[in-house]
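Trainee: Structure in structure tokens, see below.
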Amino acid sequence: MKTELYNNETAFELEPKVIDETRQGEALTMERPVTVKGNGKKYYIESYGCQMNFADSEVVASILSNAGYDSTAQFLDADLILINTCAIRDNAEQRVRHRLMHLSAVKKKKRGAVIAVLGCMAERLKEKFLEEEKIVDIVAGPDAYRALPSLIEEAETGQKAVNVLLSREETYAEISPVRLNSNGITAFISIMRGCDNMCSFCVVPFTRGRERSRDYDSIVAEAKDLYTAGYREVTLLGQNVDSYRFSHDPKLVGKKLVDAKYEEHVVNFAELMEMVAQIAPDLRVRFSTSHPKDMTDDVLHMMAKYPNICKYIHLPVQSGNSRILEMMNRTYTREWYLDRIAAIRRIVPEAAISTDIITGYCSETEEEHQDTLSIMQHVKYEMAYMFAYNERPGTVAAKKHTDDIPEEVKKRRLQEVVDLHRIHSLERNKEDVGKTFEVLVEGISARNDEDVYGRNTQNKVIVFEKGNFKPGDYVKVKVVRCTSGTLIGELAE
Ligand code: SAH
Ligand code: SF4
Ligand code: F3S
């Protein structure tokens with residue numbers, strides 16, 4: 001279980017790897033990595049933030065490799081150091097600043113190394129980044145990665161280079177990502193970019209721009225390529241996957257369609273999921289994140305129809321109180337959220353549900369905080385990412401609401417949420433003891449190299465004895481014990 005440690009704040013040092021040259025999907029629209037003459041230079045990339053940022057780093061790796069760069073896992077060897085950043089909360093930004101301080105020592109040793117800051121913090125701070133952090137040479141926002149080779153050229157002449165233009169069209173659709181730090185079995189696929197929701201606390205609409213969906217042909221092509229390369233699970237990524245809509249008719253692309261006569265030309269999220277699920281019965285399909293206001297029964301019926309669409313939904317609630325939800329501009333009420341939970345239980349009864357929660361949002365009373373605890377009590381989430389509210393500059397909340405809950409009250413409420421969640425996740429795990437699940441093996445357990453680990457369809461990690469199993473195998477495993485974080489299993493008879 002993670003506390004205040006959302007996956008969008010974990011930092012990984014990525015070891016870039018180029019996908020096996022033998023990849024041969026039926027892809028028609030993907031731009032294959034071409035063998036280009038190396039320019040003798042090496043890049044090192046480090047990513048912070050959510051899965052979408054990690055997926056973007058794989059697009060960046062592809063663009064750099066096409067420009068002749070080789071990758072290195074050692075930043076001391078690199079001519080180009082890229083940091084892909086997150087701006088969701090202040091502590092995510094502080095982490096990046098510390099990292100940059102460390103890198104400035106590197107830069108002294110390795111003269112001429114170019115340092116590029118990418119991603120959401122780059123977009124939020126723009127040129128200001130160059131004033132605040134003198135060692136930075138390039139600032140590039142999430143929609144500017146195709147311009148990186150020219151920005152690098154500019155920086156190599158000693159000038160500072162900035163491109164933070166946001167786009168209404170860019171989806172990097174035909175760029176075939178270079179999988180970084182991959183286990184060769186599970187991969188992320190970006191299906192859309194940006195967000196139009198404008199939740200009042202959130203910086204993402206400002207750092208990632210307008211919502212736009214990627215061409216489904218390129219998504220299916222990427223998934224097929226991955227399957228052919230041996231991958232067995234893809235996660236379709238977007239800030240709000242339920243609002244995915246794409247049409248090849250240029251008049252319709254990017255538009256939110258209300259006109260029924262066009263419906264047949266537009267692929268929605270449920271249909272996209274079906275296209276990917278039909279690639280192969282042993283290719284698992286996951287998705288993240290669902291928004292309670294948009295998650296339709298169609299999506300749930302599609303999950304129920306295909307055994308390879310995983311029975312796991314991340315449905316952030318944020319708060320259990322309707323007044324706070326309204327102030328957050330989440331555009332649903334407690335009752336609406338509970339109705340969506342009831343729909344999941346009815347249509348996909350075996351689904352595991354996880355959530356995001358914010359404590360101490362502007363003006364939240366003790367009673368309203370109790371509503372969050374009671375909604376948790378109702379759902380008993382399998383997993384939760386929990387945060388104390390952190391005001392972000394430029395957001396609607398920063399402009400309109402007063403951040404008036406004292407830090408210690410936010411933290412105390414957070415602790416109550418965390419404690420309750422710990423009880424629920426243990427309870428949920430105990431319910432699994434004695435059950436048998438199909439597990440997709442992902443790798444050797446970090447704790448014991450005689451064990452392997454993998455996930456069941458509900459996204460729960462199960463550890464069991466290695467035997468002759470290898471990553472990519474599907475194994476029937478019976479759960480015999482559990483902790484609040486892990487299930488321990490043995491081979492089912
Ligand atoms: N698109 C997803 C979430 C993206 S951000 C969604 O709509 O749910 C991930 C999570 O970070 C959010 O769900 C929210 O719980 C948390 N978060 C975002 N902004 C925050 C802030 N200013 N303070 C605290 N937590 C925040
Ligand atoms: Fe932020 Fe809301 Fe968009 Fe999620 S849906 S990214 S919380 S604005
Ligand atoms: Fe962070 Fe940007 Fe993702 S702010 S959470 S990296 S969209």
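Ligands are numbered from 1 in the order shown, residues from 1 within each chain, and chains are lettered A, B, ... in the order they appear in the structure tokens.
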Residues of segment 54-258 of chain A in helix (DSSP H, G or I) according to DSSP, as a VMD selection string?
Mentor: chain A and resid 54 to 66 75 to 77 90 to 109 119 to 125 128 to 132 145 to 156 204 to 208 216 to 228 241 to 243
Trainee: Taking only C-alpha atoms and all ligand atoms into account, list the residues no farther than 7 Å from ligand 2, as a VMD selection string.
Mentor: chain A and resid 195 to 199 202 to 205 239 to 240 291 330
Trainee: Take the residues that were just selected and, keeping N, CA, C and O atoms, output them as an mmCIF file, in the first residue's frame.
Mentor:
data_model
loop_
_atom_site.group_PDB
_atom_site.id
_atom_site.type_symbol
_atom_site.label_atom_id
_atom_site.label_comp_id
_atom_site.auth_asym_id
_atom_site.auth_seq_id
_atom_site.Cartn_x
_atom_site.Cartn_y
_atom_site.Cartn_z
ATOM 1 N N CYS A 195 -6.294 17.325 -20.804
ATOM 2 C CA CYS A 195 -7.501 17.127 -20.016
ATOM 3 C C CYS A 195 -8.354 18.395 -20.088
ATOM 4 O O CYS A 195 -7.840 19.496 -19.937
ATOM 5 N N ASP A 196 -9.649 18.198 -20.333
ATOM 6 C CA ASP A 196 -10.571 19.340 -20.425
ATOM 7 C C ASP A 196 -11.419 19.502 -19.178
ATOM 8 O O ASP A 196 -12.380 20.264 -19.176
ATOM 9 N N ASN A 197 -11.088 18.780 -18.123
ATOM 10 C CA ASN A 197 -12.025 18.736 -16.995
ATOM 11 C C ASN A 197 -11.955 19.906 -16.026
ATOM 12 O O ASN A 197 -12.945 20.234 -15.396
ATOM 13 N N MET A 198 -10.798 20.472 -15.877
ATOM 14 C CA MET A 198 -10.670 21.636 -15.001
ATOM 15 C C MET A 198 -11.153 21.392 -13.562
ATOM 16 O O MET A 198 -11.895 22.202 -12.994
ATOM 17 N N CYS A 199 -10.741 20.289 -12.966
ATOM 18 C CA CYS A 199 -10.963 20.116 -11.521
ATOM 19 C C CYS A 199 -10.210 21.264 -10.851
ATOM 20 O O CYS A 199 -9.067 21.553 -11.232
ATOM 21 N N CYS A 202 -6.436 21.103 -9.706
ATOM 22 C CA CYS A 202 -5.488 20.343 -10.538
ATOM 23 C C CYS A 202 -4.738 21.195 -11.557
ATOM 24 O O CYS A 202 -5.304 22.023 -12.261
ATOM 25 N N VAL A 203 -3.457 20.917 -11.678
ATOM 26 C CA VAL A 203 -2.582 21.689 -12.548
ATOM 27 C C VAL A 203 -2.514 21.085 -13.968
ATOM 28 O O VAL A 203 -2.087 21.742 -14.919
ATOM 29 N N VAL A 204 -2.992 19.842 -14.097
ATOM 30 C CA VAL A 204 -2.805 19.110 -15.356
ATOM 31 C C VAL A 204 -3.390 19.817 -16.596
ATOM 32 O O VAL A 204 -2.723 19.887 -17.632
ATOM 33 N N PRO A 205 -4.604 20.385 -16.532
ATOM 34 C CA PRO A 205 -5.102 21.056 -17.734
ATOM 35 C C PRO A 205 -4.174 22.187 -18.205
ATOM 36 O O PRO A 205 -4.128 22.502 -19.393
ATOM 37 N N GLN A 239 -5.854 10.791 -19.028
ATOM 38 C CA GLN A 239 -6.328 11.395 -17.769
ATOM 39 C C GLN A 239 -7.793 11.065 -17.544
ATOM 40 O O GLN A 239 -8.278 11.083 -16.421
ATOM 41 N N ASN A 240 -8.501 10.786 -18.621
ATOM 42 C CA ASN A 240 -9.934 10.534 -18.525
ATOM 43 C C ASN A 240 -10.307 9.650 -19.713
ATOM 44 O O ASN A 240 -10.853 10.128 -20.701
ATOM 45 N N HIS A 291 -13.049 8.427 -15.172
ATOM 46 C CA HIS A 291 -13.639 9.552 -14.431
ATOM 47 C C HIS A 291 -15.082 9.189 -14.095
ATOM 48 O O HIS A 291 -15.852 8.818 -14.984
ATOM 49 N N ARG A 330 -15.724 18.571 -9.703
ATOM 50 C CA ARG A 330 -15.641 17.196 -10.203
ATOM 51 C C ARG A 330 -16.873 16.833 -11.031
ATOM 52 O O ARG A 330 -16.902 15.793 -11.696
#
Trainee: Name the residues in contact with Gly485 of chain A at a cut-off of 10 Å, using only C-alpha atoms, excluding same-chain residues fewer than 6 positions from it; report them as a list of chain:residue names.
Mentor: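 My list of contacting residues is A:Met1, A:Lys2, A:Glu382, A:Met383, A:Arg422, A:Ser425, A:Leu426, A:Asn429, A:Lys460, A:Val461, A:Ile462.
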Trainee: At a cut-off of 9 Å, using only C-alpha atoms, what residues contact segment 232-235 of chain A? Leave out same-chain residues fewer than 3 positions from it and give the result as a ChimeraX atom specification.
Mentor: /A:184-190,223,226-227,276,282-288,440,472-473
Trainee: Would you mind exporting the chosen residues as a compact mmCIF listing (two decimals), in the first residue's frame, restricted to all heavy atoms?
Mentor:
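In the end it all went to again-v1.txt:
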# COMPACT_ATOMS: atom_id res chain seq x y z
N GLY A 184 9.44 -6.46 -20.62
CA GLY A 184 9.17 -7.24 -21.83
C GLY A 184 7.79 -7.87 -21.85
O GLY A 184 7.44 -8.57 -22.82
N ILE A 185 7.00 -7.65 -20.81
CA ILE A 185 5.69 -8.31 -20.70
C ILE A 185 4.55 -7.29 -20.63
O ILE A 185 3.49 -7.49 -21.20
CB ILE A 185 5.63 -9.20 -19.42
CG1 ILE A 185 6.78 -10.20 -19.42
CG2 ILE A 185 4.28 -9.90 -19.28
CD1 ILE A 185 6.77 -11.14 -20.61
N THR A 186 4.75 -6.20 -19.89
CA THR A 186 3.68 -5.22 -19.72
C THR A 186 4.13 -3.87 -20.27
O THR A 186 5.30 -3.50 -20.12
CB THR A 186 3.32 -5.04 -18.22
OG1 THR A 186 4.49 -4.61 -17.53
CG2 THR A 186 2.84 -6.34 -17.60
N ALA A 187 3.22 -3.17 -20.92
CA ALA A 187 3.59 -1.87 -21.50
C ALA A 187 2.41 -0.90 -21.44
O ALA A 187 1.26 -1.32 -21.36
CB ALA A 187 4.02 -2.05 -22.96
N PHE A 188 2.74 0.38 -21.46
CA PHE A 188 1.72 1.42 -21.48
C PHE A 188 1.53 1.95 -22.90
O PHE A 188 2.50 2.08 -23.64
CB PHE A 188 2.15 2.60 -20.60
CG PHE A 188 2.29 2.24 -19.15
CD1 PHE A 188 3.50 2.39 -18.49
CD2 PHE A 188 1.19 1.77 -18.45
CE1 PHE A 188 3.61 2.06 -17.15
CE2 PHE A 188 1.30 1.44 -17.11
CZ PHE A 188 2.51 1.58 -16.46
N ILE A 189 0.31 2.25 -23.23
CA ILE A 189 0.02 2.90 -24.52
C ILE A 189 -0.81 4.15 -24.26
O ILE A 189 -1.90 4.07 -23.70
CB ILE A 189 -0.77 1.96 -25.46
CG1 ILE A 189 0.01 0.66 -25.70
CG2 ILE A 189 -1.07 2.67 -26.78
CD1 ILE A 189 -0.70 -0.31 -26.67
N SER A 190 -0.28 5.30 -24.67
CA SER A 190 -1.04 6.55 -24.54
C SER A 190 -2.15 6.57 -25.56
O SER A 190 -1.89 6.42 -26.75
CB SER A 190 -0.12 7.72 -24.86
OG SER A 190 0.32 8.31 -23.70
N ALA A 223 -0.31 -1.86 -30.15
CA ALA A 223 -0.62 -3.03 -29.30
C ALA A 223 -0.24 -4.32 -30.02
O ALA A 223 0.31 -5.25 -29.42
CB ALA A 223 -2.09 -3.02 -28.92
N LEU A 226 3.46 -4.80 -29.94
CA LEU A 226 3.90 -5.25 -28.61
C LEU A 226 3.62 -6.74 -28.45
O LEU A 226 4.46 -7.50 -27.95
CB LEU A 226 3.18 -4.45 -27.52
CG LEU A 226 3.67 -3.01 -27.35
CD1 LEU A 226 2.66 -2.18 -26.57
CD2 LEU A 226 5.03 -2.97 -26.64
N TYR A 227 2.45 -7.17 -28.87
CA TYR A 227 2.08 -8.59 -28.74
C TYR A 227 3.08 -9.46 -29.51
O TYR A 227 3.59 -10.46 -28.99
CB TYR A 227 0.66 -8.81 -29.25
CG TYR A 227 0.21 -10.24 -29.08
CD1 TYR A 227 -0.11 -10.74 -27.81
CD2 TYR A 227 0.15 -11.11 -30.17
CE1 TYR A 227 -0.49 -12.06 -27.63
CE2 TYR A 227 -0.23 -12.43 -29.99
CZ TYR A 227 -0.55 -12.90 -28.73
OH TYR A 227 -0.92 -14.20 -28.56
N VAL A 276 -8.77 -3.51 -29.13
CA VAL A 276 -7.49 -3.97 -28.57
C VAL A 276 -7.65 -5.37 -27.99
O VAL A 276 -6.80 -6.25 -28.17
CB VAL A 276 -6.93 -2.98 -27.52
CG1 VAL A 276 -5.61 -3.46 -26.96
CG2 VAL A 276 -6.76 -1.59 -28.12
N ASP A 282 -4.88 -13.89 -25.37
CA ASP A 282 -3.91 -13.88 -24.27
C ASP A 282 -3.15 -12.54 -24.17
O ASP A 282 -2.09 -12.46 -23.56
CB ASP A 282 -2.93 -15.06 -24.35
CG ASP A 282 -2.12 -15.05 -25.63
OD1 ASP A 282 -2.54 -14.38 -26.60
OD2 ASP A 282 -1.07 -15.72 -25.67
N LEU A 283 -3.70 -11.49 -24.76
CA LEU A 283 -3.17 -10.15 -24.51
C LEU A 283 -4.12 -9.46 -23.53
O LEU A 283 -5.28 -9.20 -23.86
CB LEU A 283 -3.08 -9.33 -25.81
CG LEU A 283 -2.58 -7.89 -25.62
CD1 LEU A 283 -1.11 -7.86 -25.20
CD2 LEU A 283 -2.77 -7.07 -26.90
N ARG A 284 -3.62 -9.20 -22.33
CA ARG A 284 -4.47 -8.52 -21.34
C ARG A 284 -4.57 -7.03 -21.65
O ARG A 284 -3.60 -6.42 -22.06
CB ARG A 284 -3.86 -8.65 -19.95
CG ARG A 284 -4.16 -9.95 -19.27
CD ARG A 284 -3.51 -9.90 -17.92
NE ARG A 284 -3.92 -11.00 -17.08
CZ ARG A 284 -3.50 -11.16 -15.83
NH1 ARG A 284 -2.65 -10.30 -15.30
NH2 ARG A 284 -3.91 -12.17 -15.12
N VAL A 285 -5.76 -6.48 -21.38
CA VAL A 285 -5.97 -5.06 -21.59
C VAL A 285 -6.36 -4.40 -20.27
O VAL A 285 -7.29 -4.85 -19.60
CB VAL A 285 -7.09 -4.81 -22.63
CG1 VAL A 285 -7.22 -3.31 -22.92
CG2 VAL A 285 -6.84 -5.58 -23.91
N ARG A 286 -5.61 -3.38 -19.88
CA ARG A 286 -5.97 -2.56 -18.71
C ARG A 286 -6.15 -1.12 -19.17
O ARG A 286 -5.75 -0.76 -20.29
CB ARG A 286 -4.86 -2.61 -17.65
CG ARG A 286 -4.61 -3.96 -17.07
CD ARG A 286 -3.65 -3.87 -15.87
NE ARG A 286 -3.32 -5.19 -15.40
CZ ARG A 286 -4.09 -5.91 -14.57
NH1 ARG A 286 -5.22 -5.41 -14.13
NH2 ARG A 286 -3.71 -7.11 -14.20
N PHE A 287 -6.65 -0.29 -18.29
CA PHE A 287 -6.83 1.13 -18.65
C PHE A 287 -6.81 1.97 -17.39
O PHE A 287 -7.12 1.51 -16.30
CB PHE A 287 -8.14 1.33 -19.42
CG PHE A 287 -9.35 0.81 -18.69
CD1 PHE A 287 -10.07 1.62 -17.84
CD2 PHE A 287 -9.76 -0.50 -18.86
CE1 PHE A 287 -11.17 1.13 -17.16
CE2 PHE A 287 -10.86 -0.99 -18.19
CZ PHE A 287 -11.57 -0.17 -17.33
N SER A 288 -6.46 3.24 -17.56
CA SER A 288 -6.40 4.18 -16.44
C SER A 288 -6.27 5.59 -17.01
O SER A 288 -5.52 5.78 -17.96
CB SER A 288 -5.19 3.85 -15.59
OG SER A 288 -5.16 4.65 -14.45
N LEU A 440 -0.42 -13.56 -14.57
CA LEU A 440 0.55 -13.35 -15.66
C LEU A 440 1.90 -13.07 -15.01
O LEU A 440 2.07 -12.06 -14.31
CB LEU A 440 0.11 -12.17 -16.53
CG LEU A 440 1.12 -11.71 -17.59
CD1 LEU A 440 1.42 -12.81 -18.61
CD2 LEU A 440 0.60 -10.47 -18.32
N GLY A 472 5.76 -13.85 -18.78
CA GLY A 472 4.89 -14.02 -19.95
C GLY A 472 3.99 -15.24 -19.83
O GLY A 472 3.02 -15.36 -20.57
N ASP A 473 4.33 -16.17 -18.89
CA ASP A 473 3.47 -17.36 -18.71
C ASP A 473 2.22 -16.99 -17.93
O ASP A 473 2.26 -16.15 -17.02
CB ASP A 473 4.21 -18.45 -17.90
CG ASP A 473 5.31 -19.11 -18.72
OD1 ASP A 473 5.31 -18.93 -19.96
OD2 ASP A 473 6.16 -19.78 -18.11
Trainee: Set the cut-off to 7 Å, count only C-alpha atoms and all ligand atoms, and list whatever residues fall near ligand 3 as number ranges by chain.
Mentor: A: 8, 48-53, 85-88, 119-121, 203-204, 207-208
Trainee: With only C-alpha atoms as the basis for distance, which of A:Val59, A:Met192, A:Ala113, A:Leu118 is at the shortest distance from Pro177 of chain A?
Mentor: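 Selected residue with least distance to Pro177 of chain A: A:Val59.
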Trainee: With only C-alpha atoms as the atoms that count, which of A:Ser247, A:Tyr216, A:Glu153, A:Arg323 lies nearest to Leu272 of chain A?
Mentor: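 The shortest atom-to-atom distance to Leu272 of chain A comes from A:Tyr216.
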Trainee: Counting only C-alpha atoms and all ligand atoms, which protein, DNA or RNA residues come within 7 Å of ligand 1, given as an MDAnalysis selection string?
Mentor: chainID A and resid 88:89 201:203 239:240 289 291 315:316 318 356:358 386:392
Trainee: Looking only at strand (DSSP E) from DSSP on the backbone, list the matching residues of segment 73-256 of chain A as JSON, numbers by chain.
Mentor: {"A": [80, 81, 82, 83, 84, 85, 114, 115, 116, 117, 118, 138, 139, 140, 161, 162, 163, 186, 187, 188, 189, 190, 192, 193, 212, 213, 233, 234, 235, 236, 237, 245, 246]}
Trainee: Those same residues, written as an mmCIF file, in the first residue's frame with N, CA and C atoms?
Mentor:
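Written file, part.cif:
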data_model
loop_
_atom_site.group_PDB
_atom_site.id
_atom_site.type_symbol
_atom_site.label_atom_id
_atom_site.label_comp_id
_atom_site.auth_asym_id
_atom_site.auth_seq_id
_atom_site.Cartn_x
_atom_site.Cartn_y
_atom_site.Cartn_z
ATOM 1 N N LEU A 80 23.828 14.337 -23.220
ATOM 2 C CA LEU A 80 22.525 14.974 -23.086
ATOM 3 C C LEU A 80 21.792 14.310 -21.915
ATOM 4 N N ILE A 81 21.419 15.135 -20.921
ATOM 5 C CA ILE A 81 20.700 14.596 -19.761
ATOM 6 C C ILE A 81 19.290 15.170 -19.780
ATOM 7 N N LEU A 82 18.291 14.286 -19.790
ATOM 8 C CA LEU A 82 16.905 14.764 -19.825
ATOM 9 C C LEU A 82 16.174 14.361 -18.545
ATOM 10 N N ILE A 83 15.456 15.318 -17.965
ATOM 11 C CA ILE A 83 14.651 15.038 -16.783
ATOM 12 C C ILE A 83 13.199 15.326 -17.148
ATOM 13 N N ASN A 84 12.373 14.292 -17.124
ATOM 14 C CA ASN A 84 10.948 14.464 -17.459
ATOM 15 C C ASN A 84 10.174 14.652 -16.151
ATOM 16 N N THR A 85 9.606 15.835 -15.969
ATOM 17 C CA THR A 85 9.163 16.261 -14.633
ATOM 18 C C THR A 85 7.645 16.252 -14.428
ATOM 19 N N VAL A 114 24.585 18.755 -22.125
ATOM 20 C CA VAL A 114 23.380 19.588 -22.243
ATOM 21 C C VAL A 114 22.314 19.035 -21.295
ATOM 22 N N ILE A 115 21.683 19.921 -20.526
ATOM 23 C CA ILE A 115 20.638 19.470 -19.605
ATOM 24 C C ILE A 115 19.279 19.991 -20.061
ATOM 25 N N ALA A 116 18.354 19.040 -20.274
ATOM 26 C CA ALA A 116 17.012 19.402 -20.758
ATOM 27 C C ALA A 116 15.975 19.031 -19.714
ATOM 28 N N VAL A 117 15.071 19.970 -19.433
ATOM 29 C CA VAL A 117 13.952 19.677 -18.541
ATOM 30 C C VAL A 117 12.695 19.571 -19.387
ATOM 31 N N LEU A 118 11.999 18.438 -19.250
ATOM 32 C CA LEU A 118 10.804 18.173 -20.044
ATOM 33 C C LEU A 118 9.592 18.063 -19.120
ATOM 34 N N ILE A 138 17.768 23.466 -21.796
ATOM 35 C CA ILE A 138 16.577 23.322 -22.649
ATOM 36 C C ILE A 138 15.343 23.137 -21.776
ATOM 37 N N VAL A 139 14.269 23.852 -22.122
ATOM 38 C CA VAL A 139 12.978 23.642 -21.462
ATOM 39 C C VAL A 139 11.987 23.255 -22.558
ATOM 40 N N ALA A 140 11.436 22.033 -22.448
ATOM 41 C CA ALA A 140 10.500 21.583 -23.484
ATOM 42 C C ALA A 140 9.242 21.016 -22.843
ATOM 43 N N ALA A 161 17.435 27.137 -24.973
ATOM 44 C CA ALA A 161 16.369 26.836 -25.937
ATOM 45 C C ALA A 161 15.082 26.455 -25.216
ATOM 46 N N VAL A 162 13.983 27.090 -25.631
ATOM 47 C CA VAL A 162 12.702 26.850 -24.961
ATOM 48 C C VAL A 162 11.608 26.582 -26.003
ATOM 49 N N ASN A 163 10.825 25.529 -25.792
ATOM 50 C CA ASN A 163 9.599 25.350 -26.575
ATOM 51 C C ASN A 163 8.533 24.773 -25.641
ATOM 52 N N THR A 186 4.749 -6.203 -19.885
ATOM 53 C CA THR A 186 3.677 -5.218 -19.716
ATOM 54 C C THR A 186 4.133 -3.875 -20.274
ATOM 55 N N ALA A 187 3.215 -3.169 -20.923
ATOM 56 C CA ALA A 187 3.593 -1.870 -21.504
ATOM 57 C C ALA A 187 2.411 -0.904 -21.437
ATOM 58 N N PHE A 188 2.740 0.380 -21.459
ATOM 59 C CA PHE A 188 1.717 1.425 -21.479
ATOM 60 C C PHE A 188 1.532 1.949 -22.895
ATOM 61 N N ILE A 189 0.306 2.254 -23.233
ATOM 62 C CA ILE A 189 0.023 2.900 -24.522
ATOM 63 C C ILE A 189 -0.810 4.150 -24.256
ATOM 64 N N SER A 190 -0.283 5.297 -24.672
ATOM 65 C CA SER A 190 -1.041 6.550 -24.539
ATOM 66 C C SER A 190 -2.150 6.575 -25.559
ATOM 67 N N MET A 192 -4.634 9.117 -25.393
ATOM 68 C CA MET A 192 -5.076 10.514 -25.516
ATOM 69 C C MET A 192 -4.126 11.392 -24.719
ATOM 70 N N ARG A 193 -4.231 12.700 -24.919
ATOM 71 C CA ARG A 193 -3.391 13.635 -24.181
ATOM 72 C C ARG A 193 -4.254 14.758 -23.645
ATOM 73 N N ARG A 212 -7.191 15.608 -26.343
ATOM 74 C CA ARG A 212 -7.292 15.125 -27.730
ATOM 75 C C ARG A 212 -7.016 13.628 -27.749
ATOM 76 N N SER A 213 -7.731 12.927 -28.611
ATOM 77 C CA SER A 213 -7.624 11.477 -28.685
ATOM 78 C C SER A 213 -6.731 11.075 -29.847
ATOM 79 N N GLU A 233 0.535 -7.749 -21.868
ATOM 80 C CA GLU A 233 -0.416 -6.855 -21.191
ATOM 81 C C GLU A 233 -0.163 -5.423 -21.636
ATOM 82 N N VAL A 234 -1.238 -4.741 -22.037
ATOM 83 C CA VAL A 234 -1.105 -3.313 -22.366
ATOM 84 C C VAL A 234 -2.064 -2.510 -21.491
ATOM 85 N N THR A 235 -1.597 -1.358 -21.034
ATOM 86 C CA THR A 235 -2.464 -0.458 -20.270
ATOM 87 C C THR A 235 -2.723 0.784 -21.109
ATOM 88 N N LEU A 236 -3.998 1.034 -21.408
ATOM 89 C CA LEU A 236 -4.377 2.195 -22.210
ATOM 90 C C LEU A 236 -4.457 3.402 -21.279
ATOM 91 N N LEU A 237 -3.699 4.446 -21.623
ATOM 92 C CA LEU A 237 -3.548 5.568 -20.692
ATOM 93 C C LEU A 237 -4.177 6.859 -21.168
ATOM 94 N N ARG A 245 -12.559 9.683 -27.864
ATOM 95 C CA ARG A 245 -13.392 9.705 -29.083
ATOM 96 C C ARG A 245 -12.478 10.046 -30.243
ATOM 97 N N PHE A 246 -12.554 9.208 -31.288
ATOM 98 C CA PHE A 246 -11.744 9.536 -32.467
ATOM 99 C C PHE A 246 -12.496 9.175 -33.739
#
Trainee: May I have the residues within 7 Å of Ile405 of chain A as an mmCIF file with N, CA and C atoms, in the first residue's frame, using only C-alpha atoms and disregarding those fewer than 2 positions away in the same chain?
Mentor:
data_model
loop_
_atom_site.group_PDB
_atom_site.id
_atom_site.type_symbol
_atom_site.label_atom_id
_atom_site.label_comp_id
_atom_site.auth_asym_id
_atom_site.auth_seq_id
_atom_site.Cartn_x
_atom_site.Cartn_y
_atom_site.Cartn_z
ATOM 1 N N GLY A 360 -8.591 17.645 3.344
ATOM 2 C CA GLY A 360 -8.340 19.037 3.726
ATOM 3 C C GLY A 360 -8.462 20.011 2.574
ATOM 4 N N CYS A 362 -10.074 23.076 0.506
ATOM 5 C CA CYS A 362 -10.543 24.371 1.006
ATOM 6 C C CYS A 362 -11.923 24.272 1.675
ATOM 7 N N SER A 363 -12.004 24.723 2.884
ATOM 8 C CA SER A 363 -13.232 24.834 3.685
ATOM 9 C C SER A 363 -13.838 23.504 4.131
ATOM 10 N N ASP A 403 -7.172 28.445 0.792
ATOM 11 C CA ASP A 403 -6.542 27.227 1.319
ATOM 12 C C ASP A 403 -6.485 27.375 2.842
ATOM 13 N N GLU A 407 -2.298 22.921 8.016
ATOM 14 C CA GLU A 407 -1.520 21.764 7.568
ATOM 15 C C GLU A 407 -1.689 20.558 8.503
ATOM 16 N N VAL A 409 -4.163 19.795 10.374
ATOM 17 C CA VAL A 409 -5.505 19.193 10.252
ATOM 18 C C VAL A 409 -5.572 18.333 8.976
ATOM 19 N N LYS A 410 -5.017 18.875 7.875
ATOM 20 C CA LYS A 410 -4.963 18.084 6.630
ATOM 21 C C LYS A 410 -4.249 16.751 6.881
#
Trainee: Could you give me, as a ChimeraX atom specification, the residues within 9 Å of segment 295-310 of chain A, counting only C-alpha atoms and dropping anything in the same chain fewer than 3 positions from it?
Mentor: /A:241-243,269-271,273-274,277-278,280-287,290-292,313,315,340,343-344,347-349,351,456-459
Trainee: Could you save the residues just selected, with C-alpha atoms, as an mmCIF file, in the first residue's frame?
Mentor:
data_model
loop_
_atom_site.group_PDB
_atom_site.id
_atom_site.type_symbol
_atom_site.label_atom_id
_atom_site.label_comp_id
_atom_site.auth_asym_id
_atom_site.auth_seq_id
_atom_site.Cartn_x
_atom_site.Cartn_y
_atom_site.Cartn_z
ATOM 1 C CA VAL A 241 -10.093 7.471 -20.770
ATOM 2 C CA ASP A 242 -13.896 7.399 -20.804
ATOM 3 C CA SER A 243 -13.986 10.513 -22.939
ATOM 4 C CA PHE A 269 -13.603 4.170 -25.399
ATOM 5 C CA ALA A 270 -15.659 0.981 -25.103
ATOM 6 C CA GLU A 271 -15.155 0.324 -28.824
ATOM 7 C CA MET A 273 -11.095 -1.374 -25.780
ATOM 8 C CA GLU A 274 -12.850 -4.027 -27.852
ATOM 9 C CA ALA A 277 -9.039 -6.948 -26.746
ATOM 10 C CA GLN A 278 -9.653 -8.664 -30.090
ATOM 11 C CA ALA A 280 -5.375 -11.898 -29.084
ATOM 12 C CA PRO A 281 -7.162 -13.673 -26.225
ATOM 13 C CA ASP A 282 -3.907 -13.876 -24.265
ATOM 14 C CA LEU A 283 -3.172 -10.145 -24.508
ATOM 15 C CA ARG A 284 -4.471 -8.523 -21.342
ATOM 16 C CA VAL A 285 -5.966 -5.057 -21.595
ATOM 17 C CA ARG A 286 -5.968 -2.565 -18.713
ATOM 18 C CA PHE A 287 -6.828 1.126 -18.648
ATOM 19 C CA SER A 290 -11.656 6.465 -15.374
ATOM 20 C CA HIS A 291 -13.639 9.552 -14.431
ATOM 21 C CA PRO A 292 -16.819 8.895 -12.410
ATOM 22 C CA ILE A 313 -11.046 0.004 -12.237
ATOM 23 C CA LEU A 315 -12.100 5.434 -10.087
ATOM 24 C CA ARG A 340 -21.319 4.093 -10.540
ATOM 25 C CA ALA A 343 -23.089 -0.397 -11.630
ATOM 26 C CA ILE A 344 -19.596 -1.917 -11.360
ATOM 27 C CA ILE A 347 -22.084 -5.625 -14.276
ATOM 28 C CA VAL A 348 -18.523 -6.671 -13.372
ATOM 29 C CA PRO A 349 -18.950 -8.197 -9.909
ATOM 30 C CA ALA A 351 -13.819 -6.127 -10.360
ATOM 31 C CA ASN A 456 -4.172 -11.382 -11.343
ATOM 32 C CA THR A 457 -6.870 -9.698 -13.396
ATOM 33 C CA GLN A 458 -7.730 -7.507 -10.366
ATOM 34 C CA ASN A 459 -4.207 -6.027 -10.543
#
